[in-house]
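What follows is one structure encoded as structure tokens, with my remarks underneath.
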Amino acid sequence: MKSGAEPTSALLPRGAALFDRIDYRLIETPEDKDKLYLMRYRAYLQAGLIEPSASLRVSDRFDETPNTWNFGIYVDGELCSSVRIHLLTSEWRMSYTTEVFGDMLHPRLDRGEVFVDPCRLVADPDKHQRFPELPYLTVRLAFVACDHFNADTGLAMIRTDHQAFYRRIFLHETISPEPRGFPGWPTKKAVLMATDVRRQRDKVLARFPIMRSSAFERRMLFERSTARQAATRPVLLTTPRNLDVSAPALGSVQ
């Protein structure tokens with residue numbers, strides 16, 4: 001899905017035209033998955049998060065859970081970054097975040113809260129320095145997902161040195177009392193951050209209008225085929241929400 005909103009200089013001071021050059025694509029085919037897992041491996045290896053392995057790939061069991069959307073962000077047709085979006089509800093709790101911070105999250109899920117949980121955010125090591133806007137355009141998908149699923153809370157289980165970015169963009173607050181070990185990262189620990197979507201949404205949009213989305217874009221990104229929905233569609237929160245329906249259309253079918 002190609003993005004078509006007008007970029008804002010406040011968000012993209014260095015190369016605003018990049019927003020018109022990106023596509024958001026759901027990673028579904030074996031070929032695309034292999035490219036994604038290879039990019040993860042290269043990114044994690046360069047960051048010192050993992051040891052070299054013969055497979056040259058990084059994947060896990062949560063890549064295939066029914067509450068997961070793996071997106072690739074393509075610039076001029078090339079895969080440059082990716083993020084995995086989890087929808088967490090009382091019925092659908094599968095993610096590393098609920099494994100690591102389950103004592104904090106399961107009681108809230110028991111009460112019926114809905115979380116959007118982005119993870120596995122990576123960028124191609126050879127390309128991310130050419131496109132400094134990529135982190136913004138990648139995590140934007142988490143904000144769009146919060147609107148689509150009427151989420152109560154946006155989560156982020158991240159490395160301790162990434163807290164400032166999420167605090168600046170989404171007004172996240174660190175809610176875990178201490179960093180915890182993350183599966184597969186022997187050299188780093190993670191903290192859990194969260195934001196109250198209803199309370200902070202308008203503030204985020206005022207600061208970063210690029211986060212706006214249309215109902216059309218949200219459907220194209222997150223609604224699945226009828227056959228797959230019948231088998232795996234997560235239960236959504238049905239409370240009406242005053243969404244920004246006046247936002248300009250952001251996409252067209254590729």
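Identifiers for the structure tokens are assigned positionally: chains receive A, B, ... in sequence, residues are indexed from 1 per chain, and ligands are indexed from 1 in the order shown.
Around A:Phe165, within 10 Å and counting only C-alpha atoms, the residues found are Pro135, Tyr136, Phe170, Leu171 and His172 of chain A, once anything fewer than 5 positions away on its own chain is removed.
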Please return as a PDB file with C-alpha atoms, in the first residue's frame: the residues of stretch 103-160 of chain A that backbone DSSP assigns to helix (DSSP H, G or I).
```pdb
ATOM      1  CA  ASP A 103       2.638 -10.212  35.360  1.00  0.00           C
ATOM      2  CA  MET A 104       1.874  -6.616  34.385  1.00  0.00           C
ATOM      3  CA  LEU A 105      -0.241  -7.244  31.287  1.00  0.00           C
ATOM      4  CA  HIS A 106      -2.387 -10.323  31.932  1.00  0.00           C
ATOM      5  CA  PRO A 107      -4.436  -8.707  34.730  1.00  0.00           C
ATOM      6  CA  ARG A 108      -5.249  -5.815  32.399  1.00  0.00           C
ATOM      7  CA  LEU A 109      -6.134  -8.167  29.555  1.00  0.00           C
ATOM      8  CA  ASP A 110      -8.383 -10.051  31.985  1.00  0.00           C
ATOM      9  CA  LEU A 134      12.581   5.442   8.333  1.00  0.00           C
ATOM     10  CA  PRO A 135      12.030   4.989  12.096  1.00  0.00           C
ATOM     11  CA  TYR A 136       9.162   7.489  12.041  1.00  0.00           C
ATOM     12  CA  LEU A 137       7.537   5.989   8.972  1.00  0.00           C
ATOM     13  CA  THR A 138       7.940   2.481  10.387  1.00  0.00           C
ATOM     14  CA  VAL A 139       6.503   3.053  13.873  1.00  0.00           C
ATOM     15  CA  ARG A 140       3.672   5.028  12.272  1.00  0.00           C
ATOM     16  CA  LEU A 141       2.049   1.646  11.588  1.00  0.00           C
ATOM     17  CA  ALA A 142       1.638   1.087  15.338  1.00  0.00           C
ATOM     18  CA  PHE A 143      -0.240   4.362  15.661  1.00  0.00           C
ATOM     19  CA  VAL A 144      -2.445   3.483  12.686  1.00  0.00           C
ATOM     20  CA  ALA A 145      -3.154   0.079  14.267  1.00  0.00           C
ATOM     21  CA  CYS A 146      -4.255   1.757  17.506  1.00  0.00           C
ATOM     22  CA  ASP A 147      -6.911   3.648  15.579  1.00  0.00           C
ATOM     23  CA  HIS A 148      -8.034   0.645  13.559  1.00  0.00           C
ATOM     24  CA  THR A 160      16.739   0.775  27.469  1.00  0.00           C
TER      25      THR A 160
END
```
DSSP on the backbone: what in stretch 34-215 of chain A comes out strand (DSSP E or B), as a PyMOL selection string? chain A and resi 68-75+78-88+115-123+153-159+173-174+180-182+185-196
Residues from last step as file, C-alpha atoms, as a CSV table (one decimal), in the first residue's frame:
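Heads up, here's the output in again_0.csv:
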```csv
chain,number,residue,atom,x,y,z
A,68,THR,CA,0.3,-10.8,14.1
A,69,TRP,CA,0.8,-8.5,11.1
A,70,ASN,CA,4.4,-8.4,9.7
A,71,PHE,CA,4.9,-5.3,7.6
A,72,GLY,CA,7.7,-4.4,5.3
A,73,ILE,CA,8.5,-0.8,4.5
A,74,TYR,CA,9.7,-0.4,0.9
A,75,VAL,CA,11.5,2.6,-0.5
A,78,GLU,CA,13.3,-2.1,-2.0
A,79,LEU,CA,12.7,-3.6,1.5
A,80,CYS,CA,14.3,-1.1,3.9
A,81,SER,CA,12.7,-1.7,7.3
A,82,SER,CA,10.0,-3.8,9.0
A,83,VAL,CA,7.8,-3.9,12.1
A,84,ARG,CA,5.6,-6.7,13.5
A,85,ILE,CA,2.3,-5.6,15.0
A,86,HIS,CA,0.5,-7.7,17.6
A,87,LEU,CA,-3.1,-7.1,18.7
A,88,LEU,CA,-3.4,-8.2,22.3
A,115,PHE,CA,-3.2,-3.4,23.4
A,116,VAL,CA,-1.3,-2.7,20.2
A,117,ASP,CA,2.2,-4.2,20.6
A,118,PRO,CA,4.8,-3.3,18.0
A,119,CYS,CA,8.0,-5.3,18.0
A,120,ARG,CA,10.8,-6.6,15.8
A,121,LEU,CA,11.4,-3.1,14.4
A,122,VAL,CA,14.5,-3.4,12.2
A,123,ALA,CA,16.1,-1.5,9.3
A,153,THR,CA,-3.0,1.3,25.2
A,154,GLY,CA,0.0,1.4,22.9
A,155,LEU,CA,2.9,-0.7,24.1
A,156,ALA,CA,6.6,-0.8,23.4
A,157,MET,CA,9.0,-3.4,24.8
A,158,ILE,CA,12.3,-1.9,23.8
A,159,ARG,CA,16.0,-1.6,24.7
A,173,GLU,CA,6.0,6.3,29.8
A,174,THR,CA,8.2,3.5,31.2
A,180,ARG,CA,14.3,-7.6,32.1
A,181,GLY,CA,16.0,-10.1,29.8
A,182,PHE,CA,14.6,-10.5,26.3
A,185,TRP,CA,19.3,-10.9,23.2
A,186,PRO,CA,22.0,-12.1,25.6
A,187,THR,CA,23.7,-8.6,25.7
A,188,LYS,CA,20.7,-6.4,26.2
A,189,LYS,CA,17.7,-6.0,28.4
A,190,ALA,CA,14.3,-4.5,27.7
A,191,VAL,CA,11.8,-2.2,29.4
A,192,LEU,CA,8.1,-1.9,28.9
A,193,MET,CA,6.7,1.5,27.8
A,194,ALA,CA,3.0,2.4,27.3
A,195,THR,CA,0.8,5.3,26.3
A,196,ASP,CA,-2.9,5.9,27.0
```
Measuring atom to atom with only C-alpha atoms, identify which of A:Gly77, A:Pro183, A:Pro125, A:Pro66 is nearest to A:Tyr41. A:Pro125
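Nearest to A:Val58 of all the residues A:Gly184, A:Pro209, A:Pro179, A:Pro30 is A:Gly184, based on only C-alpha atoms.
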